[in-house]
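Reading through the structure tokens given below for one structure.
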Amino acid sequence: MGDRKWASAPSRETVADWDRSHLWHPFTQQRDWCREEPVAIERAEGTDLIDAEGRRYIDGVSSLWCNVHGHRHPLIDGAVRGQLDRVAHSTMLGLTHRGAAELAARLVDLAPPGLSRVFYSDSGSSATEIALKMAFQYWRQRGGQHTRRTSFVSLRDGYHGDTLGAVSVGGIDLFHAAYSPLLFQSHRVEPGDADQLECVLDFHAEEIAAVIVEPLVQGAAGMRVQPPGYLRRVRELCDRHDVFLICDEVATGFGRTGTMFACEQERVAPDFLCLGKGLTAGYLPLAATLTTERVHDGFLGSPEEGRTFFHGHTFTGNPLACAAALANLDAFESEDTLLRLQPKIRLLGELLGPVAEMPEVAEVRGRGFMIGIDLGEHDPTIRLGHQVALEARERGAIIRPLGDVVVLMPPLAISAADLRRLVEIVAASILAACAAATDEPITAELAQAA
Ligand SMILES: Cc1ncc(COP(=O)(O)O)c(C=O)c1O
């Protein structure tokens with residue numbers, strides 16, 4: 001008989017103990033994490049997450065902005081199970097498979113015109129890293145003066161992932177500043193200010209490979225919305241200077257802003273379109289970098305010419321993930337997801353009206369189902385956004401803030417009733433957390449006086 005220590009169903013305490021002893025959570029200060037009681041999600045139903053004690057929570061941030069049609073969707077579950085009966089994984093290096101090929105064709109069909117090639121990877125960070133590398137290598141291979149195009153233009157407060165290339169074009173100091181000695185320089189411009197971009201391109205275009213933007217909404221910046229017409233002007237300026245435009249739609253893609261892709265709203269076709277998160281409806285890790293025939297053809301040649309794109313991950317184009325992504329697209333069609341989303345976007349706008357009027361709220365902003373409720377400037381040691389999330393959890397919703405910006409990003413499939421309940425919970429949680437935060441110093445003073 002072997003040691004059965006690992007075989008039995010562990011208790012809640014054991015899970016918490018293993019977590020505190022052995023896990024290291026992403027974007028998390030472990031010291032604070034280990035002081036709190038962790039919620040362990042056991043299963044899910046539709047747009048509810050259910051913990052090990054059977055408590056239900058509305059998935060208010062779509063499991064980090066990626067869930068689309070709800071959890072355990074029969075169509076997607078069935079597609080993944082069906083694929084499991086065939087093969088879970090085979091490589092894209094030297095082989096292909098039906099799912100990867102069909103998904104590429106369908107993505108090209110959906111994407112803005114001109115994007116005809118699909119390069120798979122497994123995270124949003126990789127999708128943007130790949131676009132940067134492709135743009136850089138393309139110009140190198142063009143030769144002559146184009147080899148000087150080794151730099152990028154990116155937006156202040158931009159976020160494109162956590163690998164070093166993506167961090168180099170990132171603009172959120174809290175996340176990125178620590179790595180500055182490791183990064184390549186990029187020209188950082190003010191989001192929404194096309195004139196500034198024009199200046200940078202007028203002076204530096206000959207050394208710029210691409211401009212990278214999150215179209216319409218800068219998510220990680222706290223749901224910062226760009227003015228109408230901005231993206232269109234960025235495209236025009238890139239065209240004028242023959243600089244590539246990379247649209248990072250890892251967060252905005254797959255219906256988040258109300259259309260399949262955000263760049264459609266400004267009738268913009270980028271040279272690179274980066275997709276992740278919602279690509280598999282939030283089921284499995286799959287990302288894609290779409291580009292043009294022009295870029296693809298710039299890499300053609302005999303092997304000795306060194307024009308091959310030497311980049312690829314073990315799980316690139318994983319068949320289970322492709323099956324989930326195909327079922328995701330089927331669900332968009334068969335459930336009219338985008339059509340049914342429109343009244344819910346309007347409802348969300350109406351529900352947020354009174355929230356914006358709350359004295360505790362500085363601003364409500366966003367587009368479609370990408371909302372940031374900004375609580376204004378507060379002492380960071382209070383962690384007000386986090387306190388709101390804890391209050392929301394008590395009331396039956398999982399949300400995760402960006403600093404003191406409360407993020408609402410429900411799955412597109414959420415019912416009107418749950419959307420109402422989510423906003424009610426969030427409003428009540430903001431009130432409770434702000435009341436507690438303003439109470440605290442008084443309590444502390446009183447305690448001192450006592
Ligand atoms: C716009 C954008 N790009 C890239 C990423 C990175 O994606 P991933 O976390 O899958 O690496 C994110 C993640 O939030 C994102 O919002």
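By convention here, the chains of the structure tokens are called A, B, ... in the order presented, each chain's residues are numbered starting at 1, and ligands are numbered starting at 1 in the order presented.
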For chain A versus ligand 1, which residues have an atom no more than 7 Å away, and what is each residue's nearest atom pair and distance in Å rounded to one decimal, using only C-alpha atoms and all ligand atoms, chain-then-number order, as CSV?
residue,atom,partner,partner_atom_place_in_ligand_line,distance
A:Ser123,CA,ligand 1,10 (O),3.9
A:Gly124,CA,ligand 1,7 (O),3.2
A:Ser125,CA,ligand 1,11 (O),3.6
A:Ser126,CA,ligand 1,11 (O),6.4
A:Thr128,CA,ligand 1,4 (C),6.7
A:Tyr159,CA,ligand 1,1 (C),5.5
A:His160,CA,ligand 1,3 (N),3.6
A:Gly161,CA,ligand 1,6 (C),3.7
A:Asp162,CA,ligand 1,11 (O),6.4
A:Glu214,CA,ligand 1,1 (C),5.6
A:Gln218,CA,ligand 1,1 (C),6.9
A:Gly219,CA,ligand 1,16 (O),5.7
A:Ala220,CA,ligand 1,16 (O),5.9
A:Asp248,CA,ligand 1,1 (C),5.5
A:Glu249,CA,ligand 1,1 (C),5.9
A:Val250,CA,ligand 1,2 (C),4.7
A:Ala251,CA,ligand 1,16 (O),4.5
A:Gly276,CA,ligand 1,10 (O),6.0
A:Lys277,CA,ligand 1,10 (O),6.0
Pull N, CA, C and O atoms from the residues just selected and write them as a tab-separated table (two decimals), in the first residue's frame.
chain	number	residue	atom	x	y	z
A	123	SER	N	-0.83	32.87	-24.27
A	123	SER	CA	-1.25	33.93	-23.32
A	123	SER	C	-1.27	35.25	-24.06
A	123	SER	O	-0.64	35.40	-25.12
A	124	GLY	N	-1.97	36.21	-23.48
A	124	GLY	CA	-2.02	37.54	-24.09
A	124	GLY	C	-0.64	38.16	-24.18
A	124	GLY	O	-0.30	38.84	-25.16
A	125	SER	N	0.17	37.94	-23.14
A	125	SER	CA	1.54	38.47	-23.15
A	125	SER	C	2.31	37.94	-24.36
A	125	SER	O	3.03	38.70	-25.04
A	126	SER	N	2.18	36.65	-24.60
A	126	SER	CA	2.89	36.07	-25.75
A	126	SER	C	2.36	36.64	-27.05
A	126	SER	O	3.13	36.89	-27.99
A	128	THR	N	1.25	39.60	-27.68
A	128	THR	CA	1.80	40.93	-27.96
A	128	THR	C	3.31	40.83	-28.20
A	128	THR	O	3.85	41.50	-29.08
A	159	TYR	N	-0.90	48.56	-21.05
A	159	TYR	CA	-0.55	47.25	-20.48
A	159	TYR	C	-0.69	46.20	-21.58
A	159	TYR	O	-1.74	46.09	-22.21
A	160	HIS	N	0.39	45.44	-21.78
A	160	HIS	CA	0.37	44.43	-22.85
A	160	HIS	C	0.85	43.08	-22.36
A	160	HIS	O	1.12	42.20	-23.18
A	161	GLY	N	1.00	42.92	-21.05
A	161	GLY	CA	1.41	41.63	-20.52
A	161	GLY	C	2.69	41.74	-19.72
A	161	GLY	O	3.24	42.83	-19.53
A	162	ASP	N	3.18	40.59	-19.27
A	162	ASP	CA	4.25	40.58	-18.27
A	162	ASP	C	5.58	40.01	-18.75
A	162	ASP	O	6.53	39.92	-17.97
A	214	GLU	N	-3.88	49.61	-26.93
A	214	GLU	CA	-5.11	48.90	-26.55
A	214	GLU	C	-6.22	49.76	-27.13
A	214	GLU	O	-6.41	50.89	-26.69
A	218	GLN	N	-8.17	51.39	-22.26
A	218	GLN	CA	-6.96	50.86	-21.63
A	218	GLN	C	-7.39	50.20	-20.33
A	218	GLN	O	-7.68	50.87	-19.33
A	219	GLY	N	-7.48	48.88	-20.38
A	219	GLY	CA	-8.08	48.13	-19.28
A	219	GLY	C	-7.32	48.26	-17.96
A	219	GLY	O	-7.83	48.81	-16.98
A	220	ALA	N	-6.08	47.75	-17.95
A	220	ALA	CA	-5.32	47.70	-16.69
A	220	ALA	C	-5.02	49.09	-16.14
A	220	ALA	O	-4.74	49.25	-14.95
A	248	ASP	N	-3.78	45.65	-29.55
A	248	ASP	CA	-3.82	44.62	-28.52
A	248	ASP	C	-5.26	44.51	-28.03
A	248	ASP	O	-5.71	45.31	-27.21
A	249	GLU	N	-5.97	43.52	-28.57
A	249	GLU	CA	-7.37	43.31	-28.18
A	249	GLU	C	-7.51	42.11	-27.25
A	249	GLU	O	-8.55	41.44	-27.24
A	250	VAL	N	-6.45	41.86	-26.50
A	250	VAL	CA	-6.51	40.74	-25.54
A	250	VAL	C	-7.67	40.96	-24.56
A	250	VAL	O	-8.42	40.03	-24.25
A	251	ALA	N	-7.84	42.20	-24.10
A	251	ALA	CA	-8.93	42.49	-23.16
A	251	ALA	C	-10.21	42.91	-23.89
A	251	ALA	O	-11.31	42.52	-23.50
A	276	GLY	N	-6.53	37.04	-26.99
A	276	GLY	CA	-6.31	36.04	-25.92
A	276	GLY	C	-7.59	35.93	-25.13
A	276	GLY	O	-8.69	35.99	-25.69
A	277	LYS	N	-7.48	35.79	-23.84
A	277	LYS	CA	-8.61	35.79	-22.90
A	277	LYS	C	-9.90	35.18	-23.46
A	277	LYS	O	-10.11	33.99	-23.36
Do you have, as a Markdown table, the list of residues of segment 19-106 of chain A lying at most 9 Å from segment 329-347 of chain A, each with its nearest atom pair and that distance in Å to one decimal, counting only C-alpha atoms and ordered by chain then number?
| residue | atom | partner | partner_atom | distance |
| --- | --- | --- | --- | --- |
| A:His69 | CA | A:Ala331 | CA | 7.6 |
| A:Leu75 | CA | A:Ala331 | CA | 7.2 |
| A:Ile76 | CA | A:Ala331 | CA | 8.1 |
| A:Leu103 | CA | A:Leu329 | CA | 9.0 |
| A:Arg106 | CA | A:Leu329 | CA | 8.4 |
Any chance you could export the current selection's N, CA, C and O atoms as an mmCIF file, in the first residue's frame?
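Below is the file again-v6.cif, written as the result:
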data_model
loop_
_atom_site.group_PDB
_atom_site.id
_atom_site.type_symbol
_atom_site.label_atom_id
_atom_site.label_comp_id
_atom_site.auth_asym_id
_atom_site.auth_seq_id
_atom_site.Cartn_x
_atom_site.Cartn_y
_atom_site.Cartn_z
ATOM 1 N N HIS A 69 -19.451 33.248 -22.207
ATOM 2 C CA HIS A 69 -20.809 32.684 -22.253
ATOM 3 C C HIS A 69 -21.217 32.041 -20.938
ATOM 4 O O HIS A 69 -22.185 31.293 -20.893
ATOM 5 N N LEU A 75 -22.260 23.702 -24.919
ATOM 6 C CA LEU A 75 -21.635 23.622 -26.246
ATOM 7 C C LEU A 75 -20.106 23.535 -26.121
ATOM 8 O O LEU A 75 -19.456 22.721 -26.802
ATOM 9 N N ILE A 76 -19.553 24.364 -25.254
ATOM 10 C CA ILE A 76 -18.088 24.406 -25.138
ATOM 11 C C ILE A 76 -17.602 23.179 -24.358
ATOM 12 O O ILE A 76 -16.611 22.542 -24.747
ATOM 13 N N LEU A 103 -9.999 27.129 -37.023
ATOM 14 C CA LEU A 103 -10.075 28.338 -36.189
ATOM 15 C C LEU A 103 -9.368 29.514 -36.878
ATOM 16 O O LEU A 103 -9.880 30.643 -36.870
ATOM 17 N N ARG A 106 -11.600 30.864 -39.510
ATOM 18 C CA ARG A 106 -12.762 31.591 -38.960
ATOM 19 C C ARG A 106 -12.353 32.914 -38.332
ATOM 20 O O ARG A 106 -13.100 33.893 -38.381
#
Checklist entry - From the list A:Ala323, A:Met370, A:Val217, A:Ala104, which residue is nearest Asp85 of chain A when using only C-alpha atoms? => result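 Looking at the shortest contact to Asp85 of chain A, the residue is A:Ala323.
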Item to check | Interatomic distance, atom CA of Ala362 of chain A to atom CA of Asp404 of chain A (Å, one decimal) | outcome: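 So the answer is 10.4 Å.
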Item to check | Per-residue DSSP, segment 16-151 of chain A, filtered to alpha helix (DSSP H), as a ChimeraX atom specification | outcome: /A:16-22,30-33,62-65,74-84,98-110,124-142
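Residues in contact with segment 306-314 of chain A at 8 Å, where only C-alpha atoms are counted and same-chain residues fewer than 2 positions away are skipped, are listed as A:Thr91, A:Leu93, A:Ser121, A:Asp122, A:Ile130, A:Met134, A:Gln141, A:Gly298, A:Phe299, A:Leu300, A:Gly301, A:Ser302, A:Pro303, A:Glu304, A:Thr316.
Residues in contact range of segment 385-394 of chain A, defined as at most 7 Å between only C-alpha atoms, with sequence neighbours fewer than 2 positions away removed, read Arg383, Gly396, Ala397, Ile398, Ile399, Arg400, Pro401, Gly403, Asp404, Val405, Val406, Ile425, Val426, Ser429, Ile430 and Ala433 of chain A.
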Checklist entry - Which residues come within 8 Å of Ala131 of chain A, counting only C-alpha atoms, excluding same-chain residues fewer than 2 positions away, as a list in words? => result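 The filter keeps Ala127, Thr128, Glu129, Lys133, Met134, Ala135, Ile246, Phe272, Cys274 and Thr289 of chain A.
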Selection file, N, CA and C atoms, as a compact mmCIF listing (two decimals), in the first residue's frame:
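And here's again22.txt as it stands now:
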# COMPACT_ATOMS: atom_id res chain seq x y z
N ALA A 127 1.05 36.86 -27.12
CA ALA A 127 0.46 37.38 -28.37
C ALA A 127 1.05 38.75 -28.70
N THR A 128 1.25 39.60 -27.68
CA THR A 128 1.80 40.93 -27.96
C THR A 128 3.31 40.83 -28.20
N GLU A 129 3.97 39.99 -27.42
CA GLU A 129 5.42 39.79 -27.60
C GLU A 129 5.70 39.35 -29.04
N LYS A 133 7.96 41.19 -31.92
CA LYS A 133 9.10 40.51 -32.56
C LYS A 133 8.91 40.43 -34.08
N MET A 134 7.68 40.13 -34.50
CA MET A 134 7.42 40.04 -35.94
C MET A 134 7.65 41.39 -36.62
N ALA A 135 7.13 42.46 -35.97
CA ALA A 135 7.27 43.79 -36.57
C ALA A 135 8.75 44.14 -36.69
N ILE A 246 -0.14 47.92 -34.11
CA ILE A 246 -0.49 46.71 -33.36
C ILE A 246 -1.67 47.04 -32.45
N PHE A 272 -1.37 44.20 -36.98
CA PHE A 272 -1.31 43.06 -36.06
C PHE A 272 -2.49 43.18 -35.10
N CYS A 274 -3.85 41.33 -31.65
CA CYS A 274 -3.49 40.37 -30.60
C CYS A 274 -4.73 39.94 -29.84
N THR A 289 -1.93 35.90 -32.66
CA THR A 289 -1.48 37.15 -33.26
C THR A 289 -1.83 37.07 -34.74
Item to check | Atom pair atom CA of Pro227 of chain A / atom CA of Gly171 of chain A: separation (Å) | outcome: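 So the answer is 18.8 Å.
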